[in-house]
Amino acid sequence: MSVDYYPLVIQCLKGVLNVLKFCNRLSIFFCLVGCRTLPSLDQRSVSTAFRDTDSTAMGQTIVPLSARHEGKSGIYSLRQARQAFAARILLAQAAERSLDIQYYIWHQDTTGILLLESIQAAADRGVRVRLLLDDNNTSGMDPLLKVLDAHPNIEVRLFNPFLIRGPRWMGYVTDFRRLNRRMHNKSFTADNQATIIGGRNVGDEYFGVTTDMLFVDLDVLAVGPIVKDVSKDFDRYWASQSAYPANLILDDEQPQADIAATAGNIRRSAEAQDYLDTVRSSTFVQELKNGQLNLEWAGTYMVSDDPAKGLGKAPPKSMLLQRLRDAMGPVEQRMDIVSPYFVPTDDGVDAFAALAAQGVKIRVLTNALEATDVAVVHAGYAKYRKPLLQLNVELYEFRNATPRIQTEGIGRGSSQTSLHAKTMGIDVNRIFIGSFNFDPRSADLNTELGFVIDSPNLARDIQSVFDRRIDHQAYEVRLADDGGLYWIGLRDGREVRLDEEPGTGFWLRLGLKIMSWLPIEWLL
């Protein structure tokens with residue numbers, strides 16, 4: 001070997017040695033992190049929902065109103081994004097005794113900060129606040145959460161928390177089995193008298209602020225006996241073995257966060273002023289207090305997962321999917337499903353086959369590939385399109401909205417609009433509304449919450465989406481004579497046929513195909 005190569009060989013050997021040293025240090029790091037354990041919950045405080053809230057302003061109206069509709073709950077649909085945000089702000093402002101709040105995602109953006117400010121203001125006037133957040137999406141929020149948790153009237157708990165505060169992927173490396181299970185529930189309850197549940201998380205894309213991504217979603221406000229059920233469910237999640245007091249998880253050394261100052265800066269923007277004008281002009285809570293809100297009174301049943309599902313310890317009978325089947329009852333004529341992430345699995349296809357054999361008409365609305373925010377889930381759904389169409393299941397795929405195609409509750413000129421509502425109608429007489437996506441993750445891994453409502457009026461609303469508006473909002477997927485797929489949709493008022501996945505190119509379609517081969521359906 002020429003002597004000229006010796007320095008190169010030496011450098012290569014040094015490089016290999018350095019890599020080995022780095023790998024050794026990394027393995028030691030992960031070993032040390034993996035040895036870290038969650039703190040003990042022995043000294044965790046105990047609290048439950050207040051039951052004596054009938055004398056509050058909301059209670060004085062809702063209690064006698066509910067008495068006139070014995071056994072039924074009052075339901076009010078929150079379809080429009082700004083109305084859904086205003087409802088939460090106004091409930092926080094109206095609360096006199098308590099706020100019990102549970103969410104999967106809470107962003108520190110315009111709506112997230114403004115809602116935190118309203119919660120802090122409620123605590124300042126003596127309202128007890130319990131805030132339970134799934135920890136998967138709290139990255140960067142530790143200073144805010146620490147400030148809130150330090151308030152004498154606010155307690156923050158984190159569901160299935162990450163011991164490694166950042167980057168979060170390191171937590172998945174060391175504790176995947178636990179951290180892969182998330183709390184997807186969403187509820188906002190004031191004074192144990194009124195609650196909001198549904199599909200929306202807290203963030204600008206859910207409330208019509210951002211122009212980058214807007215979700216078409218659905219919540220309901222409820223009053224009456226169902227609110228007590230939501231409060232009981234919150235209590236069991238609050239006391240679950242997955243709910244850790246924030247002060248046990250967050251680092252002591254955190255930069256100071258000033259929610260009021262941050263909210264003040266946000267309020268000075270024209271966008272926020274426009275949004276706050278909507279809140280100020282809303283008569284929602286005043287109408288609720290005066291008994292003038294147009295409520296749909298109906299038998300309403302809460303279905304939710306046992307929080308032990310967050311640790312993989314929930315018995316099958318305690319799972320939402322089984323409870324949902326029991327609560328919805330048999331299907332006789334029709335089933336309309338709206339789900340942004342729809343992965344039926346082989347078992348689901350078999351269930352649809354059994355219904356189709358009984359003459360049940362089945363229609364499904366989910367996101368088109370051009371509209372979804374999770375392409376890998378679409379890949380999980382795509383391979384079931386042909387088997388479903390062969391059963392005469394009608395498939396519709398929500399289009400990415402353009403200035404020509406606007407949907408109720410959607411903001412202006414978004415670059416992408418995606419379906420996020422989760423609902424199902426049965427026989428035009430009962431519906432499900434909640435956080436549950438019809439996919440394996442919601443069924444087996446994440447905890448979920450929803451209502452089954454006996455209401456022909458609300459069920460007709462879902463049916464009308466398919467009967468009157470679907471052509472303007474979605475493509476219909478059909479099976480061609482040669483066994484391929486094609487899409488039918490309206491463009492400038494005229495029906496057009498597309499023989500390739502709408503809004504996609506060759507490489508995206510190829511990627512979709514490859515993803516559909518991966519053995520990851522159980523994760524979707």
# chains A, B, ... in the order shown; residues from 1 in each chain; ligands from 1
>>> select_by_dssp(residues="region 20-155 of chain A", states="alpha helix (DSSP H)", output="NGL selection string")
:A and (20-35 or 57-67 or 81-94 or 110-124 or 142-150)
>>> closest_atom_pairs(of="region 200-308 of chain A", to="region 138-158 of chain A", cutoff="12 Å", atoms="only C-alpha atoms", output="CSV")
residue,atom,partner,partner_atom,distance
A:Val202,CA,A:Thr138,CA,11.6
A:Phe234,CA,A:Arg157,CA,12.0
A:Tyr237,CA,A:Arg157,CA,10.1
A:Trp238,CA,A:Arg157,CA,7.6
A:Ala239,CA,A:Arg157,CA,9.9
A:Ser240,CA,A:Arg157,CA,10.6
A:Gln241,CA,A:Leu158,CA,10.8
A:Ser242,CA,A:Leu158,CA,7.8
A:Ala243,CA,A:Leu158,CA,5.4
A:Tyr244,CA,A:Arg157,CA,5.2
A:Pro245,CA,A:Arg157,CA,4.4
A:Ala246,CA,A:Arg157,CA,5.0
A:Asn247,CA,A:Lys146,CA,7.3
A:Leu248,CA,A:Arg157,CA,9.3
A:Ile249,CA,A:Leu158,CA,8.2
A:Leu250,CA,A:Asp142,CA,6.6
A:Asp251,CA,A:Asp142,CA,8.2
A:Asp252,CA,A:Lys146,CA,8.9
A:Glu253,CA,A:Pro143,CA,9.3
A:Gln254,CA,A:Pro143,CA,5.8
A:Pro255,CA,A:Pro143,CA,6.0
A:Gln256,CA,A:Pro143,CA,6.2
A:Ala257,CA,A:Pro143,CA,5.5
A:Asp258,CA,A:Leu144,CA,7.6
A:Ile259,CA,A:Leu144,CA,7.1
A:Ala260,CA,A:Leu144,CA,10.8
A:Ala261,CA,A:Leu144,CA,11.9
A:Thr262,CA,A:Leu144,CA,10.4
A:Ala263,CA,A:Leu144,CA,11.9
>>> write_last_selection(atoms="N, CA, C and O atoms", output="mmCIF file, in the first residue's frame")
data_model
loop_
_atom_site.group_PDB
_atom_site.id
_atom_site.type_symbol
_atom_site.label_atom_id
_atom_site.label_comp_id
_atom_site.auth_asym_id
_atom_site.auth_seq_id
_atom_site.Cartn_x
_atom_site.Cartn_y
_atom_site.Cartn_z
ATOM 1 N N VAL A 202 -58.633 21.927 20.114
ATOM 2 C CA VAL A 202 -58.477 23.370 20.280
ATOM 3 C C VAL A 202 -57.293 23.827 19.428
ATOM 4 O O VAL A 202 -56.156 23.432 19.665
ATOM 5 N N PHE A 234 -65.475 12.243 33.126
ATOM 6 C CA PHE A 234 -64.285 13.060 33.351
ATOM 7 C C PHE A 234 -63.607 12.665 34.665
ATOM 8 O O PHE A 234 -62.381 12.540 34.732
ATOM 9 N N TYR A 237 -61.501 9.557 34.308
ATOM 10 C CA TYR A 237 -60.253 9.823 33.591
ATOM 11 C C TYR A 237 -59.293 10.623 34.462
ATOM 12 O O TYR A 237 -58.082 10.380 34.462
ATOM 13 N N TRP A 238 -59.829 11.575 35.203
ATOM 14 C CA TRP A 238 -59.017 12.412 36.092
ATOM 15 C C TRP A 238 -58.333 11.556 37.163
ATOM 16 O O TRP A 238 -57.196 11.822 37.558
ATOM 17 N N ALA A 239 -59.020 10.515 37.597
ATOM 18 C CA ALA A 239 -58.488 9.647 38.649
ATOM 19 C C ALA A 239 -57.807 8.394 38.093
ATOM 20 O O ALA A 239 -57.396 7.525 38.874
ATOM 21 N N SER A 240 -57.671 8.301 36.778
ATOM 22 C CA SER A 240 -57.109 7.093 36.164
ATOM 23 C C SER A 240 -55.611 6.991 36.405
ATOM 24 O O SER A 240 -54.945 7.969 36.768
ATOM 25 N N GLN A 241 -55.066 5.816 36.179
ATOM 26 C CA GLN A 241 -53.642 5.575 36.370
ATOM 27 C C GLN A 241 -52.797 6.172 35.244
ATOM 28 O O GLN A 241 -51.565 6.064 35.283
ATOM 29 N N SER A 242 -53.436 6.795 34.264
ATOM 30 C CA SER A 242 -52.694 7.444 33.170
ATOM 31 C C SER A 242 -52.651 8.955 33.319
ATOM 32 O O SER A 242 -51.985 9.628 32.524
ATOM 33 N N ALA A 243 -53.356 9.517 34.304
ATOM 34 C CA ALA A 243 -53.459 10.973 34.470
ATOM 35 C C ALA A 243 -52.492 11.448 35.551
ATOM 36 O O ALA A 243 -52.727 11.235 36.745
ATOM 37 N N TYR A 244 -51.412 12.118 35.133
ATOM 38 C CA TYR A 244 -50.356 12.543 36.055
ATOM 39 C C TYR A 244 -50.405 14.051 36.292
ATOM 40 O O TYR A 244 -50.482 14.828 35.321
ATOM 41 N N PRO A 245 -50.384 14.480 37.545
ATOM 42 C CA PRO A 245 -50.294 15.914 37.829
ATOM 43 C C PRO A 245 -49.110 16.528 37.090
ATOM 44 O O PRO A 245 -48.002 15.966 37.091
ATOM 45 N N ALA A 246 -49.352 17.663 36.462
ATOM 46 C CA ALA A 246 -48.315 18.289 35.636
ATOM 47 C C ALA A 246 -47.052 18.585 36.436
ATOM 48 O O ALA A 246 -45.937 18.488 35.915
ATOM 49 N N ASN A 247 -47.210 18.924 37.713
ATOM 50 C CA ASN A 247 -46.026 19.292 38.500
ATOM 51 C C ASN A 247 -45.098 18.106 38.765
ATOM 52 O O ASN A 247 -43.946 18.285 39.158
ATOM 53 N N LEU A 248 -45.585 16.889 38.534
ATOM 54 C CA LEU A 248 -44.738 15.709 38.671
ATOM 55 C C LEU A 248 -43.967 15.407 37.389
ATOM 56 O O LEU A 248 -43.019 14.613 37.407
ATOM 57 N N ILE A 249 -44.386 16.016 36.293
ATOM 58 C CA ILE A 249 -43.822 15.698 34.979
ATOM 59 C C ILE A 249 -42.972 16.844 34.422
ATOM 60 O O ILE A 249 -41.900 16.624 33.854
ATOM 61 N N LEU A 250 -43.440 18.064 34.579
ATOM 62 C CA LEU A 250 -42.760 19.205 33.973
ATOM 63 C C LEU A 250 -41.461 19.516 34.709
ATOM 64 O O LEU A 250 -41.377 19.391 35.927
ATOM 65 N N ASP A 251 -40.477 19.939 33.948
ATOM 66 C CA ASP A 251 -39.191 20.313 34.539
ATOM 67 C C ASP A 251 -39.361 21.536 35.431
ATOM 68 O O ASP A 251 -40.135 22.456 35.128
ATOM 69 N N ASP A 252 -38.603 21.552 36.524
ATOM 70 C CA ASP A 252 -38.661 22.712 37.425
ATOM 71 C C ASP A 252 -38.117 23.970 36.756
ATOM 72 O O ASP A 252 -38.626 25.076 36.965
ATOM 73 N N GLU A 253 -37.068 23.787 35.964
ATOM 74 C CA GLU A 253 -36.454 24.932 35.291
ATOM 75 C C GLU A 253 -37.185 25.209 33.982
ATOM 76 O O GLU A 253 -36.892 24.630 32.948
ATOM 77 N N GLN A 254 -38.179 26.072 34.025
ATOM 78 C CA GLN A 254 -38.940 26.439 32.838
ATOM 79 C C GLN A 254 -38.914 27.948 32.673
ATOM 80 O O GLN A 254 -38.984 28.692 33.658
ATOM 81 N N PRO A 255 -38.808 28.446 31.443
ATOM 82 C CA PRO A 255 -38.906 29.893 31.237
ATOM 83 C C PRO A 255 -40.286 30.391 31.642
ATOM 84 O O PRO A 255 -41.259 29.635 31.624
ATOM 85 N N GLN A 256 -40.342 31.637 32.038
ATOM 86 C CA GLN A 256 -41.610 32.218 32.459
ATOM 87 C C GLN A 256 -42.526 32.442 31.250
ATOM 88 O O GLN A 256 -42.080 32.841 30.186
ATOM 89 N N ALA A 257 -43.807 32.151 31.438
ATOM 90 C CA ALA A 257 -44.790 32.391 30.383
ATOM 91 C C ALA A 257 -45.853 33.332 30.937
ATOM 92 O O ALA A 257 -46.290 33.194 32.084
ATOM 93 N N ASP A 258 -46.252 34.285 30.144
ATOM 94 C CA ASP A 258 -47.271 35.261 30.547
ATOM 95 C C ASP A 258 -48.438 35.137 29.577
ATOM 96 O O ASP A 258 -48.400 35.669 28.466
ATOM 97 N N ILE A 259 -49.464 34.404 29.986
ATOM 98 C CA ILE A 259 -50.600 34.146 29.103
ATOM 99 C C ILE A 259 -51.329 35.438 28.769
ATOM 100 O O ILE A 259 -51.710 35.672 27.619
ATOM 101 N N ALA A 260 -51.516 36.301 29.753
ATOM 102 C CA ALA A 260 -52.232 37.560 29.512
ATOM 103 C C ALA A 260 -51.489 38.433 28.512
ATOM 104 O O ALA A 260 -52.103 39.024 27.608
ATOM 105 N N ALA A 261 -50.150 38.517 28.648
ATOM 106 C CA ALA A 261 -49.369 39.334 27.717
ATOM 107 C C ALA A 261 -49.395 38.751 26.310
ATOM 108 O O ALA A 261 -49.527 39.478 25.317
ATOM 109 N N THR A 262 -49.280 37.428 26.227
ATOM 110 C CA THR A 262 -49.338 36.773 24.914
ATOM 111 C C THR A 262 -50.696 36.990 24.267
ATOM 112 O O THR A 262 -50.789 37.294 23.073
ATOM 113 N N ALA A 263 -51.757 36.842 25.068
ATOM 114 C CA ALA A 263 -53.104 37.069 24.540
ATOM 115 C C ALA A 263 -53.287 38.528 24.126
ATOM 116 O O ALA A 263 -53.953 38.821 23.116
#
>>> closest_atom_pairs(of="region 265-347 of chain A", to="region 76-83 of chain A", cutoff="9 Å", atoms="only C-alpha atoms", output="tab-separated table")
residue	atom	partner	partner_atom	distance
A:Tyr275	CA	A:Arg82	CA	7.5
A:Thr278	CA	A:Arg82	CA	7.1
A:Val279	CA	A:Gln83	CA	7.9
A:Ser282	CA	A:Gln83	CA	7.9
A:Phe284	CA	A:Gln83	CA	8.5
A:Leu293	CA	A:Tyr76	CA	8.1
A:Asn294	CA	A:Tyr76	CA	7.1
A:Leu295	CA	A:Tyr76	CA	5.2
A:Glu296	CA	A:Tyr76	CA	6.4
>>> closest_residue(among="A:Gly199, A:Pro315, A:Gly208, A:Gly359", to="Phe432 (chain A)", atoms="only C-alpha atoms")
A:Gly199
>>> atom_distance(atom1="CA of Tyr104 (chain A)", atom2="CA of Phe159 (chain A)")
9.2 Å
>>> closest_residue(among="A:Val230, A:Val129, A:Ala123, A:Leu320", to="Ala443 (chain A)", atoms="only C-alpha atoms")
A:Leu320
>>> decode(residues="region 312-328 of chain A", atoms="all heavy atoms", output="PDB file, in the first residue's frame")
ATOM      1  N   GLY A 312     -53.684  -0.327  27.955  1.00  0.00           N
ATOM      2  CA  GLY A 312     -53.913  -1.632  27.346  1.00  0.00           C
ATOM      3  C   GLY A 312     -54.551  -2.625  28.283  1.00  0.00           C
ATOM      4  O   GLY A 312     -54.418  -3.836  28.098  1.00  0.00           O
ATOM      5  N   LYS A 313     -55.284  -2.143  29.298  1.00  0.00           N
ATOM      6  CA  LYS A 313     -55.835  -3.025  30.320  1.00  0.00           C
ATOM      7  C   LYS A 313     -57.366  -3.008  30.372  1.00  0.00           C
ATOM      8  O   LYS A 313     -57.952  -3.552  31.314  1.00  0.00           O
ATOM      9  CB  LYS A 313     -55.280  -2.635  31.693  1.00  0.00           C
ATOM     10  CG  LYS A 313     -53.768  -2.794  31.820  1.00  0.00           C
ATOM     11  CD  LYS A 313     -53.285  -2.388  33.197  1.00  0.00           C
ATOM     12  CE  LYS A 313     -51.773  -2.576  33.329  1.00  0.00           C
ATOM     13  NZ  LYS A 313     -51.277  -2.172  34.672  1.00  0.00           N
ATOM     14  N   ALA A 314     -58.018  -2.411  29.387  1.00  0.00           N
ATOM     15  CA  ALA A 314     -59.479  -2.332  29.409  1.00  0.00           C
ATOM     16  C   ALA A 314     -60.083  -3.623  28.864  1.00  0.00           C
ATOM     17  O   ALA A 314     -59.685  -4.102  27.804  1.00  0.00           O
ATOM     18  CB  ALA A 314     -59.958  -1.143  28.573  1.00  0.00           C
ATOM     19  N   PRO A 315     -61.048  -4.216  29.565  1.00  0.00           N
ATOM     20  CA  PRO A 315     -61.724  -5.408  29.038  1.00  0.00           C
ATOM     21  C   PRO A 315     -62.538  -5.053  27.801  1.00  0.00           C
ATOM     22  O   PRO A 315     -63.025  -3.921  27.676  1.00  0.00           O
ATOM     23  CB  PRO A 315     -62.620  -5.851  30.197  1.00  0.00           C
ATOM     24  CG  PRO A 315     -62.790  -4.636  31.051  1.00  0.00           C
ATOM     25  CD  PRO A 315     -61.547  -3.830  30.890  1.00  0.00           C
ATOM     26  N   PRO A 316     -62.707  -6.000  26.868  1.00  0.00           N
ATOM     27  CA  PRO A 316     -63.410  -5.711  25.603  1.00  0.00           C
ATOM     28  C   PRO A 316     -64.797  -5.111  25.799  1.00  0.00           C
ATOM     29  O   PRO A 316     -65.202  -4.222  25.039  1.00  0.00           O
ATOM     30  CB  PRO A 316     -63.481  -7.086  24.935  1.00  0.00           C
ATOM     31  CG  PRO A 316     -62.307  -7.832  25.482  1.00  0.00           C
ATOM     32  CD  PRO A 316     -62.163  -7.367  26.902  1.00  0.00           C
ATOM     33  N   LYS A 317     -65.550  -5.556  26.814  1.00  0.00           N
ATOM     34  CA  LYS A 317     -66.901  -5.051  27.004  1.00  0.00           C
ATOM     35  C   LYS A 317     -66.934  -3.589  27.424  1.00  0.00           C
ATOM     36  O   LYS A 317     -67.984  -2.937  27.331  1.00  0.00           O
ATOM     37  CB  LYS A 317     -67.635  -5.901  28.043  1.00  0.00           C
ATOM     38  CG  LYS A 317     -67.980  -7.305  27.542  1.00  0.00           C
ATOM     39  CD  LYS A 317     -68.801  -8.058  28.573  1.00  0.00           C
ATOM     40  CE  LYS A 317     -69.184  -9.449  28.058  1.00  0.00           C
ATOM     41  NZ  LYS A 317     -69.990 -10.211  29.047  1.00  0.00           N
ATOM     42  N   SER A 318     -65.785  -3.066  27.895  1.00  0.00           N
ATOM     43  CA  SER A 318     -65.734  -1.672  28.335  1.00  0.00           C
ATOM     44  C   SER A 318     -65.296  -0.735  27.211  1.00  0.00           C
ATOM     45  O   SER A 318     -65.213   0.474  27.427  1.00  0.00           O
ATOM     46  CB  SER A 318     -64.777  -1.528  29.518  1.00  0.00           C
ATOM     47  OG  SER A 318     -63.429  -1.681  29.098  1.00  0.00           O
ATOM     48  N   MET A 319     -65.034  -1.280  26.030  1.00  0.00           N
ATOM     49  CA  MET A 319     -64.550  -0.480  24.907  1.00  0.00           C
ATOM     50  C   MET A 319     -65.711   0.252  24.238  1.00  0.00           C
ATOM     51  O   MET A 319     -66.831  -0.264  24.150  1.00  0.00           O
ATOM     52  CB  MET A 319     -63.860  -1.363  23.879  1.00  0.00           C
ATOM     53  CG  MET A 319     -62.702  -2.167  24.444  1.00  0.00           C
ATOM     54  SD  MET A 319     -61.207  -1.204  24.649  1.00  0.00           S
ATOM     55  CE  MET A 319     -60.074  -2.173  23.676  1.00  0.00           C
ATOM     56  N   LEU A 320     -65.425   1.465  23.736  1.00  0.00           N
ATOM     57  CA  LEU A 320     -66.472   2.279  23.125  1.00  0.00           C
ATOM     58  C   LEU A 320     -67.135   1.575  21.957  1.00  0.00           C
ATOM     59  O   LEU A 320     -68.356   1.643  21.800  1.00  0.00           O
ATOM     60  CB  LEU A 320     -65.905   3.625  22.671  1.00  0.00           C
ATOM     61  CG  LEU A 320     -66.913   4.581  22.004  1.00  0.00           C
ATOM     62  CD1 LEU A 320     -66.661   6.012  22.406  1.00  0.00           C
ATOM     63  CD2 LEU A 320     -66.873   4.471  20.482  1.00  0.00           C
ATOM     64  N   LEU A 321     -66.369   0.887  21.112  1.00  0.00           N
ATOM     65  CA  LEU A 321     -66.950   0.281  19.916  1.00  0.00           C
ATOM     66  C   LEU A 321     -68.045  -0.715  20.277  1.00  0.00           C
ATOM     67  O   LEU A 321     -69.120  -0.719  19.659  1.00  0.00           O
ATOM     68  CB  LEU A 321     -65.862  -0.399  19.083  1.00  0.00           C
ATOM     69  CG  LEU A 321     -66.317  -0.965  17.729  1.00  0.00           C
ATOM     70  CD1 LEU A 321     -66.943   0.122  16.879  1.00  0.00           C
ATOM     71  CD2 LEU A 321     -65.148  -1.611  16.999  1.00  0.00           C
ATOM     72  N   GLN A 322     -67.793  -1.547  21.290  1.00  0.00           N
ATOM     73  CA  GLN A 322     -68.817  -2.494  21.715  1.00  0.00           C
ATOM     74  C   GLN A 322     -70.013  -1.778  22.317  1.00  0.00           C
ATOM     75  O   GLN A 322     -71.176  -2.121  22.038  1.00  0.00           O
ATOM     76  CB  GLN A 322     -68.235  -3.476  22.736  1.00  0.00           C
ATOM     77  CG  GLN A 322     -69.231  -4.533  23.212  1.00  0.00           C
ATOM     78  CD  GLN A 322     -69.784  -5.368  22.076  1.00  0.00           C
ATOM     79  OE1 GLN A 322     -69.032  -5.920  21.282  1.00  0.00           O
ATOM     80  NE2 GLN A 322     -71.111  -5.457  21.976  1.00  0.00           N
ATOM     81  N   ARG A 323     -69.756  -0.757  23.105  1.00  0.00           N
ATOM     82  CA  ARG A 323     -70.848  -0.006  23.724  1.00  0.00           C
ATOM     83  C   ARG A 323     -71.636   0.776  22.680  1.00  0.00           C
ATOM     84  O   ARG A 323     -72.854   0.945  22.802  1.00  0.00           O
ATOM     85  CB  ARG A 323     -70.286   0.941  24.791  1.00  0.00           C
ATOM     86  CG  ARG A 323     -69.570   0.203  25.930  1.00  0.00           C
ATOM     87  CD  ARG A 323     -69.144   1.157  27.014  1.00  0.00           C
ATOM     88  NE  ARG A 323     -70.304   1.761  27.647  1.00  0.00           N
ATOM     89  CZ  ARG A 323     -70.264   2.882  28.366  1.00  0.00           C
ATOM     90  NH1 ARG A 323     -69.106   3.498  28.539  1.00  0.00           N
ATOM     91  NH2 ARG A 323     -71.349   3.371  28.908  1.00  0.00           N
ATOM     92  N   LEU A 324     -70.939   1.226  21.632  1.00  0.00           N
ATOM     93  CA  LEU A 324     -71.619   1.949  20.558  1.00  0.00           C
ATOM     94  C   LEU A 324     -72.564   1.013  19.809  1.00  0.00           C
ATOM     95  O   LEU A 324     -73.701   1.390  19.489  1.00  0.00           O
ATOM     96  CB  LEU A 324     -70.581   2.537  19.600  1.00  0.00           C
ATOM     97  CG  LEU A 324     -71.121   3.314  18.393  1.00  0.00           C
ATOM     98  CD1 LEU A 324     -71.975   4.500  18.845  1.00  0.00           C
ATOM     99  CD2 LEU A 324     -69.965   3.801  17.512  1.00  0.00           C
ATOM    100  N   ARG A 325     -72.107  -0.201  19.525  1.00  0.00           N
ATOM    101  CA  ARG A 325     -72.981  -1.176  18.845  1.00  0.00           C
ATOM    102  C   ARG A 325     -74.228  -1.447  19.672  1.00  0.00           C
ATOM    103  O   ARG A 325     -75.343  -1.511  19.140  1.00  0.00           O
ATOM    104  CB  ARG A 325     -72.218  -2.481  18.624  1.00  0.00           C
ATOM    105  CG  ARG A 325     -71.139  -2.418  17.561  1.00  0.00           C
ATOM    106  CD  ARG A 325     -70.322  -3.692  17.566  1.00  0.00           C
ATOM    107  NE  ARG A 325     -69.274  -3.682  16.554  1.00  0.00           N
ATOM    108  CZ  ARG A 325     -68.126  -4.321  16.662  1.00  0.00           C
ATOM    109  NH1 ARG A 325     -67.860  -5.031  17.764  1.00  0.00           N
ATOM    110  NH2 ARG A 325     -67.229  -4.271  15.694  1.00  0.00           N
ATOM    111  N   ASP A 326     -74.040  -1.604  20.978  1.00  0.00           N
ATOM    112  CA  ASP A 326     -75.186  -1.883  21.845  1.00  0.00           C
ATOM    113  C   ASP A 326     -76.145  -0.699  21.884  1.00  0.00           C
ATOM    114  O   ASP A 326     -77.373  -0.875  21.851  1.00  0.00           O
ATOM    115  CB  ASP A 326     -74.708  -2.209  23.260  1.00  0.00           C
ATOM    116  CG  ASP A 326     -73.881  -3.486  23.324  1.00  0.00           C
ATOM    117  OD1 ASP A 326     -73.970  -4.310  22.391  1.00  0.00           O
ATOM    118  OD2 ASP A 326     -73.127  -3.650  24.311  1.00  0.00           O
ATOM    119  N   ALA A 327     -75.602   0.516  21.974  1.00  0.00           N
ATOM    120  CA  ALA A 327     -76.444   1.714  22.108  1.00  0.00           C
ATOM    121  C   ALA A 327     -77.164   2.052  20.801  1.00  0.00           C
ATOM    122  O   ALA A 327     -78.309   2.517  20.828  1.00  0.00           O
ATOM    123  CB  ALA A 327     -75.598   2.906  22.553  1.00  0.00           C
ATOM    124  N   MET A 328     -76.497   1.833  19.672  1.00  0.00           N
ATOM    125  CA  MET A 328     -77.117   2.168  18.389  1.00  0.00           C
ATOM    126  C   MET A 328     -78.207   1.177  18.008  1.00  0.00           C
ATOM    127  O   MET A 328     -79.166   1.515  17.323  1.00  0.00           O
ATOM    128  CB  MET A 328     -76.064   2.225  17.282  1.00  0.00           C
ATOM    129  CG  MET A 328     -75.061   3.347  17.418  1.00  0.00           C
ATOM    130  SD  MET A 328     -75.773   5.005  17.298  1.00  0.00           S
ATOM    131  CE  MET A 328     -75.954   5.218  15.535  1.00  0.00           C
TER     132      MET A 328
END
